[in-house]
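J.: Can you keep this structure in mind? I'll have questions shortly.
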Amino acid sequence: MAAAPSSLVSSHLSRLADLRRAAAPATPTVPQQLRVGCSRRRAQRVVAMAGSGKFFVGGNWKCNGTKDSVSKLVSELNAATLETDVDVVVAPPFIYIDQVKNSLTGRIEVSAQNVWIGKGGAYTGEISAEQLVDIGCQWVILGHSERRHIIGENDEFIGKKAAYALSQNVKVIACIGELLEEREAGKTFEVCFEQMKAFADSISNWADVVIAYEPVWAIGTGKVATPEQAQEVHAAVRDWLTTNISPDVASSTRIIYGGSVNAANCAELSKKEDIDGFLVGGASLKAPDFATIINSVTAKKVAA
């Protein structure tokens, strides 16, 4: 039986408080790392990644912006110099999707931050995949920790949302990630694999899916998984895909990292072979920083 609205709100607020308390303990900081030297000779350079997919950077604007600030951000993004071998997507709030879609350069695609589980109808406050298609929105973010742990969406519900969005030709950024207490208990892989299984139970075609690993303890906290921590989980998720879906899907599916990614830490993170890009929060609201993160693909390039 569904919880009463008041108890559901109370539960969500309590859960949010728990998350904030969980984020308080110190977590490992990113150690200073040696910069990798590069040859001065001219050479063709290619992107080196464990997977075969193109580097991918998404910007999740969350519940931020006004018409004026969105217009300014779009103008700055349109003027930015971006590497060509990167897929770039931004996810404005629903009410600004049409504005962004109509003013943003075709170089950058547009995503929603949520979508309903099925066809539209008497579902107050929801947006259907058909409506996203109608306004030219190509992507949707599903399974974000704020939807899981604040709104209360469970794994099965999220998986079914993804399946319906894909059936309507809306591509999916599928988010997974563990809480701080789950990492400290050694359950990171267990949690991520359970979330992956829920997607796999509903999805039959992975061609239009990007997986975003976002450790909850690193989202909006300023605490970032070390490149080694992120690489370890990304490699494990790719192995899970190999075992449970297919080697081809494991190779072609992009696995991107999210969690306090910024202009200062993106290059070191992007050097890891299983990190295929980023899902960016706050830094995506600053065009110069977002451009730097997009252009961090150059850190993956090696002489051919």
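Just so we're on the same page: first chain in the structure tokens is A, next is B, and so on; residues restart at 1 for each chain, and ligands are numbered from 1 in the order they show up.
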According to DSSP computed on the backbone, where in stretch 132-267 of chain A is there strand (DSSP E)? Give the residues as a PyMOL selection string.

T.: chain A and resi 139-142+171-176+209-213+255-257

J.: Any chance you can output those residues with N, CA, C and O atoms as a PDB file, in the first residue's frame?

T.:
```pdb
ATOM      1  N   TRP A 139      17.285  13.345 -25.280  1.00  0.00           N
ATOM      2  CA  TRP A 139      17.814  12.551 -24.174  1.00  0.00           C
ATOM      3  C   TRP A 139      16.985  12.745 -22.907  1.00  0.00           C
ATOM      4  O   TRP A 139      16.236  13.729 -22.783  1.00  0.00           O
ATOM      5  N   VAL A 140      17.177  11.827 -21.953  1.00  0.00           N
ATOM      6  CA  VAL A 140      16.617  12.015 -20.620  1.00  0.00           C
ATOM      7  C   VAL A 140      17.572  11.378 -19.606  1.00  0.00           C
ATOM      8  O   VAL A 140      18.198  10.349 -19.878  1.00  0.00           O
ATOM      9  N   ILE A 141      17.716  12.029 -18.455  1.00  0.00           N
ATOM     10  CA  ILE A 141      18.494  11.488 -17.340  1.00  0.00           C
ATOM     11  C   ILE A 141      17.547  10.699 -16.445  1.00  0.00           C
ATOM     12  O   ILE A 141      16.513  11.230 -16.010  1.00  0.00           O
ATOM     13  N   LEU A 142      17.878   9.452 -16.149  1.00  0.00           N
ATOM     14  CA  LEU A 142      17.037   8.621 -15.290  1.00  0.00           C
ATOM     15  C   LEU A 142      17.883   7.931 -14.227  1.00  0.00           C
ATOM     16  O   LEU A 142      19.024   7.547 -14.478  1.00  0.00           O
ATOM     17  N   LYS A 171      16.866   8.851 -25.965  1.00  0.00           N
ATOM     18  CA  LYS A 171      18.072   8.209 -25.451  1.00  0.00           C
ATOM     19  C   LYS A 171      18.175   8.430 -23.931  1.00  0.00           C
ATOM     20  O   LYS A 171      17.676   9.439 -23.417  1.00  0.00           O
ATOM     21  N   VAL A 172      18.850   7.511 -23.258  1.00  0.00           N
ATOM     22  CA  VAL A 172      18.840   7.508 -21.796  1.00  0.00           C
ATOM     23  C   VAL A 172      20.247   7.620 -21.210  1.00  0.00           C
ATOM     24  O   VAL A 172      21.159   6.886 -21.607  1.00  0.00           O
ATOM     25  N   ILE A 173      20.402   8.541 -20.262  1.00  0.00           N
ATOM     26  CA  ILE A 173      21.578   8.588 -19.394  1.00  0.00           C
ATOM     27  C   ILE A 173      21.151   7.908 -18.100  1.00  0.00           C
ATOM     28  O   ILE A 173      20.356   8.453 -17.329  1.00  0.00           O
ATOM     29  N   ALA A 174      21.625   6.694 -17.892  1.00  0.00           N
ATOM     30  CA  ALA A 174      21.183   5.839 -16.787  1.00  0.00           C
ATOM     31  C   ALA A 174      22.161   5.958 -15.620  1.00  0.00           C
ATOM     32  O   ALA A 174      23.316   5.531 -15.721  1.00  0.00           O
ATOM     33  N   CYS A 175      21.698   6.532 -14.511  1.00  0.00           N
ATOM     34  CA  CYS A 175      22.572   6.815 -13.372  1.00  0.00           C
ATOM     35  C   CYS A 175      22.570   5.688 -12.342  1.00  0.00           C
ATOM     36  O   CYS A 175      21.520   5.117 -12.032  1.00  0.00           O
ATOM     37  N   ILE A 176      23.749   5.396 -11.832  1.00  0.00           N
ATOM     38  CA  ILE A 176      23.909   4.439 -10.743  1.00  0.00           C
ATOM     39  C   ILE A 176      24.892   5.032  -9.738  1.00  0.00           C
ATOM     40  O   ILE A 176      25.621   5.975 -10.058  1.00  0.00           O
ATOM     41  N   VAL A 209      21.972   4.026 -24.773  1.00  0.00           N
ATOM     42  CA  VAL A 209      22.110   4.175 -23.319  1.00  0.00           C
ATOM     43  C   VAL A 209      23.543   4.573 -22.983  1.00  0.00           C
ATOM     44  O   VAL A 209      24.505   3.979 -23.480  1.00  0.00           O
ATOM     45  N   VAL A 210      23.668   5.582 -22.133  1.00  0.00           N
ATOM     46  CA  VAL A 210      24.949   5.963 -21.534  1.00  0.00           C
ATOM     47  C   VAL A 210      24.806   5.735 -20.031  1.00  0.00           C
ATOM     48  O   VAL A 210      23.819   6.155 -19.430  1.00  0.00           O
ATOM     49  N   ILE A 211      25.759   5.065 -19.422  1.00  0.00           N
ATOM     50  CA  ILE A 211      25.722   4.808 -17.981  1.00  0.00           C
ATOM     51  C   ILE A 211      26.533   5.878 -17.271  1.00  0.00           C
ATOM     52  O   ILE A 211      27.673   6.166 -17.650  1.00  0.00           O
ATOM     53  N   ALA A 212      25.942   6.471 -16.236  1.00  0.00           N
ATOM     54  CA  ALA A 212      26.647   7.479 -15.440  1.00  0.00           C
ATOM     55  C   ALA A 212      26.846   6.950 -14.023  1.00  0.00           C
ATOM     56  O   ALA A 212      25.879   6.749 -13.291  1.00  0.00           O
ATOM     57  N   TYR A 213      28.105   6.700 -13.669  1.00  0.00           N
ATOM     58  CA  TYR A 213      28.414   6.310 -12.284  1.00  0.00           C
ATOM     59  C   TYR A 213      28.595   7.575 -11.463  1.00  0.00           C
ATOM     60  O   TYR A 213      29.511   8.370 -11.720  1.00  0.00           O
ATOM     61  N   ILE A 255      30.538   4.687 -20.306  1.00  0.00           N
ATOM     62  CA  ILE A 255      30.380   4.742 -18.853  1.00  0.00           C
ATOM     63  C   ILE A 255      31.051   6.027 -18.392  1.00  0.00           C
ATOM     64  O   ILE A 255      32.276   6.158 -18.453  1.00  0.00           O
ATOM     65  N   ILE A 256      30.244   6.993 -17.975  1.00  0.00           N
ATOM     66  CA  ILE A 256      30.767   8.310 -17.628  1.00  0.00           C
ATOM     67  C   ILE A 256      30.725   8.507 -16.109  1.00  0.00           C
ATOM     68  O   ILE A 256      29.991   7.817 -15.395  1.00  0.00           O
ATOM     69  N   TYR A 257      31.526   9.452 -15.624  1.00  0.00           N
ATOM     70  CA  TYR A 257      31.617   9.705 -14.177  1.00  0.00           C
ATOM     71  C   TYR A 257      30.943  11.021 -13.825  1.00  0.00           C
ATOM     72  O   TYR A 257      31.069  12.020 -14.548  1.00  0.00           O
TER      73      TYR A 257
END
```

J.: Could you name the residues that touch A:Gln231 at 9 Å or less, counting only C-alpha atoms, but leaving out those on the same chain fewer than 2 positions away, as a ChimeraX atom specification?

T.: /A:226-229,233-236,269,272-275

J.: If we count only C-alpha atoms and set the cut-off at 10 Å, which residues sit around A:Leu179, ignoring sequence neighbours fewer than 2 positions away in its own chain? Please answer as a VMD selection string.

T.: chain A and resid 19 22 to 23 145 149 177 181 to 185 187 to 188 191 214 to 218

J.: List as a ChimeraX atom specification the protein and nucleic acid residues near stretch 110-124 of chain A, meaning an atom at most 9 Å away when only C-alpha atoms are counted, but skip any in the same chain fewer than 3 places from it.

T.: /A:58-62,88-94,97,100-101,104,127-132,136-144,147,157-158,160-165,170-173

J.: Go through A:Gly159, A:Gly152, A:Gly220, A:Gly186 and flag the residue nearest A:Ala198, using only C-alpha atoms for the distances.

T.: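 Among the listed residues, the smallest separation from A:Ala198 belongs to A:Gly159.
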
J.: Counting only C-alpha atoms, figure out which residue out of A:Gly65, A:Glu156, A:Ala230, A:Tyr96 gets nearest to A:Lys197.

T.: A:Glu156

J.: So, counting only C-alpha atoms, which residue among A:Gln168, A:Ser251, A:Thr242, A:Ser103 is closest to A:Lys72?

T.: A:Ser103

J.: Identify, with DSSP run on backbone atoms, the residues in stretch 39-286 of chain A assigned to helix (DSSP H, G or I), and express the list as a short mmCIF file (atom, residue, chain, number, x, y, z; two decimals) with N, CA and C atoms, in the first residue's frame.

T.:
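Output below, filename out_11.cif:
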```cif
data_model
loop_
_atom_site.label_atom_id
_atom_site.label_comp_id
_atom_site.auth_asym_id
_atom_site.auth_seq_id
_atom_site.Cartn_x
_atom_site.Cartn_y
_atom_site.Cartn_z
N LYS A 67 14.95 32.66 -17.26
CA LYS A 67 15.01 32.88 -18.70
C LYS A 67 16.27 33.66 -19.09
N ASP A 68 16.59 34.67 -18.28
CA ASP A 68 17.74 35.50 -18.60
C ASP A 68 19.06 34.74 -18.41
N SER A 69 19.19 34.01 -17.29
CA SER A 69 20.45 33.31 -17.04
C SER A 69 20.64 32.17 -18.03
N VAL A 70 19.55 31.51 -18.42
CA VAL A 70 19.63 30.44 -19.41
C VAL A 70 20.05 31.02 -20.76
N SER A 71 19.50 32.15 -21.13
CA SER A 71 19.86 32.79 -22.39
C SER A 71 21.34 33.15 -22.42
N LYS A 72 21.85 33.67 -21.30
CA LYS A 72 23.27 34.04 -21.21
C LYS A 72 24.15 32.78 -21.32
N LEU A 73 23.78 31.72 -20.60
CA LEU A 73 24.56 30.49 -20.63
C LEU A 73 24.59 29.89 -22.03
N VAL A 74 23.44 29.88 -22.69
CA VAL A 74 23.38 29.33 -24.05
C VAL A 74 24.26 30.15 -25.00
N SER A 75 24.21 31.47 -24.87
CA SER A 75 25.05 32.33 -25.73
C SER A 75 26.53 32.02 -25.53
N GLU A 76 26.93 31.81 -24.29
CA GLU A 76 28.33 31.51 -23.99
C GLU A 76 28.72 30.14 -24.52
N LEU A 77 27.82 29.18 -24.42
CA LEU A 77 28.11 27.85 -24.95
C LEU A 77 28.22 27.88 -26.47
N ASN A 78 27.35 28.65 -27.10
CA ASN A 78 27.39 28.78 -28.56
C ASN A 78 28.71 29.37 -29.03
N ALA A 79 29.30 30.23 -28.20
CA ALA A 79 30.54 30.91 -28.58
C ALA A 79 31.79 30.12 -28.19
N PHE A 94 12.63 21.47 -17.20
CA PHE A 94 11.61 21.25 -18.22
C PHE A 94 11.14 22.54 -18.89
N ILE A 95 10.86 23.57 -18.08
CA ILE A 95 10.23 24.76 -18.64
C ILE A 95 11.15 25.55 -19.56
N TYR A 96 12.47 25.22 -19.54
CA TYR A 96 13.40 25.92 -20.42
C TYR A 96 13.88 25.05 -21.58
N ILE A 97 13.42 23.82 -21.67
CA ILE A 97 13.90 22.94 -22.74
C ILE A 97 13.65 23.54 -24.11
N ASP A 98 12.44 24.04 -24.34
CA ASP A 98 12.11 24.59 -25.65
C ASP A 98 12.97 25.81 -25.95
N GLN A 99 13.17 26.67 -24.97
CA GLN A 99 14.01 27.86 -25.15
C GLN A 99 15.44 27.45 -25.53
N VAL A 100 15.97 26.49 -24.80
CA VAL A 100 17.35 26.04 -25.06
C VAL A 100 17.44 25.37 -26.43
N LYS A 101 16.48 24.50 -26.72
CA LYS A 101 16.49 23.78 -27.99
C LYS A 101 16.46 24.74 -29.17
N ASN A 102 15.73 25.82 -29.05
CA ASN A 102 15.56 26.76 -30.16
C ASN A 102 16.69 27.77 -30.29
N SER A 103 17.57 27.84 -29.28
CA SER A 103 18.63 28.84 -29.34
C SER A 103 20.03 28.25 -29.27
N ALA A 129 7.37 10.83 -22.59
CA ALA A 129 8.41 10.72 -23.61
C ALA A 129 7.92 11.28 -24.94
N GLU A 130 6.62 11.08 -25.24
CA GLU A 130 6.06 11.60 -26.48
C GLU A 130 6.14 13.13 -26.52
N GLN A 131 5.95 13.77 -25.36
CA GLN A 131 6.05 15.23 -25.32
C GLN A 131 7.49 15.70 -25.52
N LEU A 132 8.44 14.94 -24.98
CA LEU A 132 9.85 15.28 -25.20
C LEU A 132 10.19 15.21 -26.68
N VAL A 133 9.73 14.16 -27.32
CA VAL A 133 9.98 13.99 -28.75
C VAL A 133 9.33 15.14 -29.53
N ASP A 134 8.16 15.55 -29.11
CA ASP A 134 7.42 16.60 -29.80
C ASP A 134 8.18 17.92 -29.85
N SER A 145 20.55 10.08 -8.29
CA SER A 145 20.41 9.80 -6.85
C SER A 145 19.40 10.72 -6.17
N GLU A 146 19.25 11.94 -6.69
CA GLU A 146 18.27 12.85 -6.08
C GLU A 146 16.85 12.37 -6.35
N ARG A 147 16.65 11.69 -7.46
CA ARG A 147 15.34 11.08 -7.73
C ARG A 147 15.17 9.81 -6.91
N ARG A 148 16.25 9.05 -6.74
CA ARG A 148 16.17 7.81 -5.97
C ARG A 148 15.95 8.08 -4.48
N HIS A 149 16.78 8.95 -3.90
CA HIS A 149 16.84 9.06 -2.45
C HIS A 149 16.03 10.20 -1.86
N ILE A 150 15.64 11.17 -2.66
CA ILE A 150 14.78 12.25 -2.17
C ILE A 150 13.34 12.02 -2.60
N ILE A 151 13.14 11.75 -3.89
CA ILE A 151 11.80 11.53 -4.41
C ILE A 151 11.29 10.12 -4.10
N ASP A 155 14.51 0.98 -7.98
CA ASP A 155 15.25 0.45 -9.13
C ASP A 155 14.30 -0.01 -10.25
N GLU A 156 13.27 -0.76 -9.88
CA GLU A 156 12.36 -1.32 -10.89
C GLU A 156 11.63 -0.22 -11.64
N PHE A 157 11.15 0.79 -10.91
CA PHE A 157 10.44 1.91 -11.51
C PHE A 157 11.33 2.65 -12.50
N ILE A 158 12.59 2.87 -12.10
CA ILE A 158 13.54 3.57 -12.96
C ILE A 158 13.83 2.77 -14.22
N GLY A 159 14.00 1.46 -14.05
CA GLY A 159 14.26 0.60 -15.20
C GLY A 159 13.13 0.64 -16.21
N LYS A 160 11.89 0.63 -15.73
CA LYS A 160 10.74 0.67 -16.63
C LYS A 160 10.63 2.04 -17.31
N LYS A 161 10.99 3.10 -16.59
CA LYS A 161 11.02 4.42 -17.22
C LYS A 161 11.99 4.43 -18.40
N ALA A 162 13.17 3.85 -18.16
CA ALA A 162 14.19 3.81 -19.21
C ALA A 162 13.68 3.05 -20.43
N ALA A 163 13.05 1.91 -20.19
CA ALA A 163 12.56 1.09 -21.30
C ALA A 163 11.53 1.85 -22.12
N TYR A 164 10.61 2.57 -21.45
CA TYR A 164 9.59 3.28 -22.21
C TYR A 164 10.19 4.45 -22.97
N ALA A 165 11.10 5.18 -22.35
CA ALA A 165 11.75 6.29 -23.05
C ALA A 165 12.45 5.80 -24.31
N LEU A 166 13.18 4.70 -24.19
CA LEU A 166 13.89 4.15 -25.35
C LEU A 166 12.92 3.71 -26.43
N SER A 167 11.77 3.18 -26.01
CA SER A 167 10.77 2.72 -27.00
C SER A 167 10.22 3.89 -27.81
N LEU A 180 27.41 6.87 0.91
CA LEU A 180 28.66 6.81 1.65
C LEU A 180 28.71 5.57 2.56
N GLU A 181 27.61 5.31 3.27
CA GLU A 181 27.62 4.16 4.18
C GLU A 181 27.74 2.84 3.43
N GLU A 182 27.23 2.81 2.21
CA GLU A 182 27.36 1.59 1.40
C GLU A 182 28.79 1.38 0.93
N ARG A 183 29.47 2.48 0.58
CA ARG A 183 30.89 2.36 0.22
C ARG A 183 31.70 1.91 1.43
N GLU A 184 31.46 2.52 2.58
CA GLU A 184 32.22 2.18 3.78
C GLU A 184 31.97 0.74 4.22
N THR A 188 29.84 -1.20 -2.57
CA THR A 188 29.76 -0.38 -3.78
C THR A 188 29.37 -1.21 -5.00
N PHE A 189 30.07 -2.29 -5.25
CA PHE A 189 29.78 -3.12 -6.43
C PHE A 189 28.39 -3.73 -6.32
N GLU A 190 28.04 -4.22 -5.14
CA GLU A 190 26.73 -4.85 -4.95
C GLU A 190 25.60 -3.88 -5.30
N VAL A 191 25.69 -2.64 -4.80
CA VAL A 191 24.66 -1.65 -5.05
C VAL A 191 24.60 -1.28 -6.53
N CYS A 192 25.76 -1.02 -7.11
CA CYS A 192 25.79 -0.63 -8.52
C CYS A 192 25.29 -1.75 -9.43
N PHE A 193 25.65 -2.98 -9.10
CA PHE A 193 25.20 -4.10 -9.93
C PHE A 193 23.69 -4.32 -9.81
N GLU A 194 23.13 -4.11 -8.61
CA GLU A 194 21.68 -4.22 -8.45
C GLU A 194 20.97 -3.17 -9.30
N GLN A 195 21.50 -1.97 -9.30
CA GLN A 195 20.91 -0.90 -10.11
C GLN A 195 21.06 -1.20 -11.59
N MET A 196 22.20 -1.75 -11.98
CA MET A 196 22.40 -2.15 -13.37
C MET A 196 21.41 -3.24 -13.77
N LYS A 197 21.20 -4.21 -12.89
CA LYS A 197 20.29 -5.31 -13.20
C LYS A 197 18.87 -4.80 -13.45
N ALA A 198 18.46 -3.78 -12.68
CA ALA A 198 17.12 -3.23 -12.86
C ALA A 198 16.97 -2.61 -14.25
N PHE A 199 18.02 -1.95 -14.73
CA PHE A 199 17.99 -1.44 -16.10
C PHE A 199 17.96 -2.61 -17.09
N ALA A 200 18.83 -3.59 -16.85
CA ALA A 200 18.94 -4.72 -17.78
C ALA A 200 17.66 -5.54 -17.85
N ASP A 201 16.94 -5.61 -16.75
CA ASP A 201 15.68 -6.37 -16.73
C ASP A 201 14.64 -5.76 -17.65
N SER A 202 14.77 -4.46 -17.92
CA SER A 202 13.76 -3.77 -18.74
C SER A 202 14.27 -3.38 -20.12
N VAL A 216 27.02 8.77 -4.58
CA VAL A 216 26.14 9.78 -3.97
C VAL A 216 26.91 10.70 -3.04
N TRP A 217 27.91 10.17 -2.36
CA TRP A 217 28.69 10.96 -1.41
C TRP A 217 29.53 12.04 -2.09
N ALA A 218 29.64 11.98 -3.42
CA ALA A 218 30.45 12.96 -4.15
C ALA A 218 29.61 13.98 -4.91
N PRO A 227 40.70 9.32 -9.16
CA PRO A 227 40.67 8.65 -10.47
C PRO A 227 40.72 7.13 -10.34
N GLU A 228 41.48 6.65 -9.35
CA GLU A 228 41.59 5.21 -9.16
C GLU A 228 40.28 4.60 -8.66
N GLN A 229 39.60 5.29 -7.75
CA GLN A 229 38.31 4.80 -7.25
C GLN A 229 37.28 4.76 -8.38
N ALA A 230 37.23 5.83 -9.17
CA ALA A 230 36.27 5.88 -10.28
C ALA A 230 36.58 4.80 -11.31
N GLN A 231 37.85 4.66 -11.67
CA GLN A 231 38.26 3.66 -12.65
C GLN A 231 37.89 2.25 -12.18
N GLU A 232 38.07 1.98 -10.91
CA GLU A 232 37.77 0.65 -10.38
C GLU A 232 36.30 0.30 -10.59
N VAL A 233 35.41 1.25 -10.30
CA VAL A 233 33.98 0.98 -10.46
C VAL A 233 33.60 0.91 -11.94
N HIS A 234 34.14 1.81 -12.75
CA HIS A 234 33.84 1.79 -14.18
C HIS A 234 34.26 0.47 -14.81
N ALA A 235 35.44 0.00 -14.46
CA ALA A 235 35.91 -1.28 -15.00
C ALA A 235 35.02 -2.42 -14.54
N ALA A 236 34.57 -2.37 -13.28
CA ALA A 236 33.69 -3.42 -12.76
C ALA A 236 32.34 -3.41 -13.47
N VAL A 237 31.82 -2.22 -13.76
CA VAL A 237 30.54 -2.12 -14.47
C VAL A 237 30.70 -2.65 -15.90
N ARG A 238 31.83 -2.33 -16.53
CA ARG A 238 32.05 -2.84 -17.89
C ARG A 238 32.16 -4.37 -17.87
N ASP A 239 32.81 -4.92 -16.85
CA ASP A 239 32.89 -6.38 -16.71
C ASP A 239 31.50 -6.98 -16.49
N TRP A 240 30.68 -6.26 -15.70
CA TRP A 240 29.31 -6.74 -15.46
C TRP A 240 28.53 -6.80 -16.77
N LEU A 241 28.70 -5.78 -17.60
CA LEU A 241 28.03 -5.78 -18.90
C LEU A 241 28.53 -6.94 -19.77
N THR A 242 29.82 -7.19 -19.73
CA THR A 242 30.38 -8.30 -20.51
C THR A 242 29.75 -9.62 -20.11
N THR A 243 29.64 -9.83 -18.80
CA THR A 243 29.14 -11.10 -18.27
C THR A 243 27.63 -11.24 -18.42
N ASN A 244 26.91 -10.16 -18.17
CA ASN A 244 25.45 -10.25 -18.07
C ASN A 244 24.70 -9.79 -19.32
N PRO A 247 29.78 -8.95 -24.61
CA PRO A 247 31.03 -8.20 -24.80
C PRO A 247 30.87 -7.00 -25.73
N ASP A 248 30.03 -7.14 -26.75
CA ASP A 248 29.81 -6.03 -27.68
C ASP A 248 29.18 -4.83 -26.97
N VAL A 249 28.17 -5.11 -26.13
CA VAL A 249 27.52 -4.03 -25.38
C VAL A 249 28.51 -3.40 -24.40
N ALA A 250 29.31 -4.22 -23.76
CA ALA A 250 30.30 -3.71 -22.81
C ALA A 250 31.29 -2.77 -23.50
N SER A 251 31.65 -3.10 -24.72
CA SER A 251 32.60 -2.28 -25.45
C SER A 251 31.98 -0.98 -25.96
N SER A 252 30.76 -1.06 -26.44
CA SER A 252 30.14 0.11 -27.09
C SER A 252 29.46 1.07 -26.14
N CYS A 266 38.98 17.40 -13.99
CA CYS A 266 38.49 16.58 -15.11
C CYS A 266 39.61 15.91 -15.90
N ALA A 267 40.74 16.59 -16.07
CA ALA A 267 41.80 16.02 -16.91
C ALA A 267 42.37 14.74 -16.31
N GLU A 268 42.62 14.75 -15.00
CA GLU A 268 43.17 13.55 -14.36
C GLU A 268 42.16 12.41 -14.39
N LEU A 269 40.89 12.72 -14.18
CA LEU A 269 39.86 11.68 -14.24
C LEU A 269 39.75 11.11 -15.65
N SER A 270 39.79 11.98 -16.65
CA SER A 270 39.56 11.53 -18.02
C SER A 270 40.68 10.65 -18.55
N GLY A 282 27.05 21.33 -11.02
CA GLY A 282 27.24 22.78 -10.86
C GLY A 282 28.15 23.41 -11.88
N ALA A 283 29.22 22.72 -12.26
CA ALA A 283 30.18 23.30 -13.21
C ALA A 283 29.58 23.47 -14.60
N SER A 284 28.48 22.77 -14.89
CA SER A 284 27.86 22.92 -16.22
C SER A 284 27.10 24.23 -16.34
N LEU A 285 26.91 24.93 -15.22
CA LEU A 285 26.25 26.23 -15.23
C LEU A 285 27.22 27.37 -15.50
#
```

J.: Closest to A:Ile293 among A:Ile135, A:Ala207, A:Val86, A:Ile219, using only C-alpha atoms?

T.: A:Val86

J.: Figure out the distance between atom CA of A:Cys63 and atom CA of A:Lys286, please, to one decimal in Å.

T.: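 Distance between the two atoms: 14.9 Å.
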
J.: Separation of atom CA of A:Asn262 and atom CA of A:Asp289, in Å?

T.: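 Interatomic distance here is 6.8 Å.
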
J.: To one decimal place in Å, what is the distance between atom CA of A:Asn64 and atom CA of A:Val297?

T.: 26.6 Å
